[in-house]
Structures are given as C-alpha cells and as structure tokens.
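Please read the structure below before turning to the comments.
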Amino acid sequence: MEPNFHQVAMYCGSLAGMTAAIARLSDMGFTEWSHDVAHLEGTINGNPASSTAYMAFNYEVLPGIEYELLVYDGQTRWDGHLYEAPDIGMPFISHISYHVDDIDAEVAEMTERFGHPIQAFETHDHTNPRIQGKKRFNEVIFGTRELFGHDIKLIQRIPWGDG
C-alpha cells in the first residue's frame, strides 16, 4: 500500500504545554478543537506496556490533515528505545500517521523497510463522544525518527463489536 499520510502529531511535553499550545493556536484563529483521552494497551519493543494518551485535534491548522497535540501518561515508545529519547518535556513532532485496512499486511511490508515496530497497541475507553463506545483502534509505530525526524504510525479502525 502506498501511504496516504493524514495526521501530524506533536508531542506537547505536558498537559500545561498542550493547553498553552491550544490557546496560542486559538489566538491565531484555529479555534475548532476536539479532545479525547484513551488508554493504550500493547507492547513497546515487544514488552507489555500501557499508558494513557491525552489528545487534542484540529483540522484547520493544516487543511486536509489532522493536526494532533498529544501527551502520554505512562510508558511510551521512547522509554528504552534504540535511539536517544527526546526531551519529552519539550514539544516535538511525535509521528505522522495513515489509516490502513489490513494492519498485519502493512506491518509486514513496513517491517521489511524499517525493522520491527517499536510500539503496537490497541486504544480503548475513549472519552470523545464521537467515538466513545463505537470504535477503537489498532496502532503500530515504527522508529523512523533518525531517518525522517519523526516516527511513522499505522492506524486500523476496529468497529466496537468486533473482537
């Protein structure tokens, strides 16, 4: 599959940093924000891991692309990763993402290019009313920061009733 990147995610370093970024972007006219909190269960470098993601989304900042502000509480892929962890107290580009229909097939293809994923997880317990109790996501992140300056994330939507 040829990637169709649709999301740029900025790691904000802290909830206060995320709030400040939203305020400044809102002052610039980017006022339409949706928020979500989700729990992530999966693996980091093949080891069981979990965390909570605090997210804010805007579709005005980069027209046609979802702009995400993100903060993790708990284990992240930067814990014990292959390259030096960024200063997660400072904002940086976390990843760019695209949706896939068959994450297993895409992971196999991406593994040939970039090695094994550094983080794989399922999201659940979303708080955003648009998806709460309706869907969840399988997500896989490849460590491409040294190559591109950001990681690449694959996302597959899972209807809520499916196993």
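Naming works like this for the structure tokens: A, B, ... for the chains as they're shown, residue 1 at the start of each chain, ligands 1 onward in shown order.
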
Could you list, with a cut-off of 9 Å and counting only C-alpha atoms, the residues of range 82-146 of chain A near range 21-37 of chain A, each shown with its nearest atom pair and the distance in Å rounded to one decimal, rows sorted by chain and ascending number, as a tab-separated table?
```
residue	atom	partner	partner_atom	distance
A:Asp125	CA	A:Val37	CA	7.8
A:His126	CA	A:Val37	CA	5.6
A:Thr127	CA	A:Asp36	CA	5.3
A:Asn128	CA	A:Asp36	CA	4.8
A:Pro129	CA	A:Asp36	CA	8.6
```

Store the residues picked out above in a file with C-alpha atoms, as a PDB file, in the first residue's frame.
```
ATOM      1  CA  ASP A 125     -12.002   3.747  26.798  1.00  0.00           C
ATOM      2  CA  HIS A 126     -12.096   6.838  24.573  1.00  0.00           C
ATOM      3  CA  THR A 127     -13.779   9.897  26.090  1.00  0.00           C
ATOM      4  CA  ASN A 128     -14.638  11.693  22.820  1.00  0.00           C
ATOM      5  CA  PRO A 129     -18.423  11.258  22.322  1.00  0.00           C
TER       6      PRO A 129
END
```

Problem set entry | Residues flagged strand (DSSP E) by DSSP in chain A, as a PyMOL selection string | chain A and resi 7-11+34-44+47-62+65-74+92-99+119-124+135-142+151-159

Seminar exercise, completed: Shortest contact to Glu68 in chain A, candidates A:Ala16, A:Ala38, A:Val8, A:Ile131, atoms counted only C-alpha atoms, goes to A:Val8

For this session: Rounded to one decimal place, report the CA of Phe57 in chain A-CA of Leu70 in chain A distance in Å.
Result: 8.9 Å

For this session: Mind listing the helix (DSSP H, G or I) residues of range 21-78 of chain A, per DSSP on the backbone, as an MDAnalysis selection string?
Result: chainID A and resid 21:27

Output C-alpha atoms for every residue in the selection just made, as a PDB file, in the first residue's frame.
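New file again-v4.pdb:
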```pdb
ATOM      1  CA  ALA A  21      -0.351  25.482  22.534  1.00  0.00           C
ATOM      2  CA  ILE A  22      -4.130  25.313  22.061  1.00  0.00           C
ATOM      3  CA  ALA A  23      -4.525  28.824  23.493  1.00  0.00           C
ATOM      4  CA  ARG A  24      -1.849  30.262  21.193  1.00  0.00           C
ATOM      5  CA  LEU A  25      -3.198  28.468  18.104  1.00  0.00           C
ATOM      6  CA  SER A  26      -6.724  29.587  19.011  1.00  0.00           C
ATOM      7  CA  ASP A  27      -5.444  33.178  19.224  1.00  0.00           C
TER       8      ASP A  27
END
```
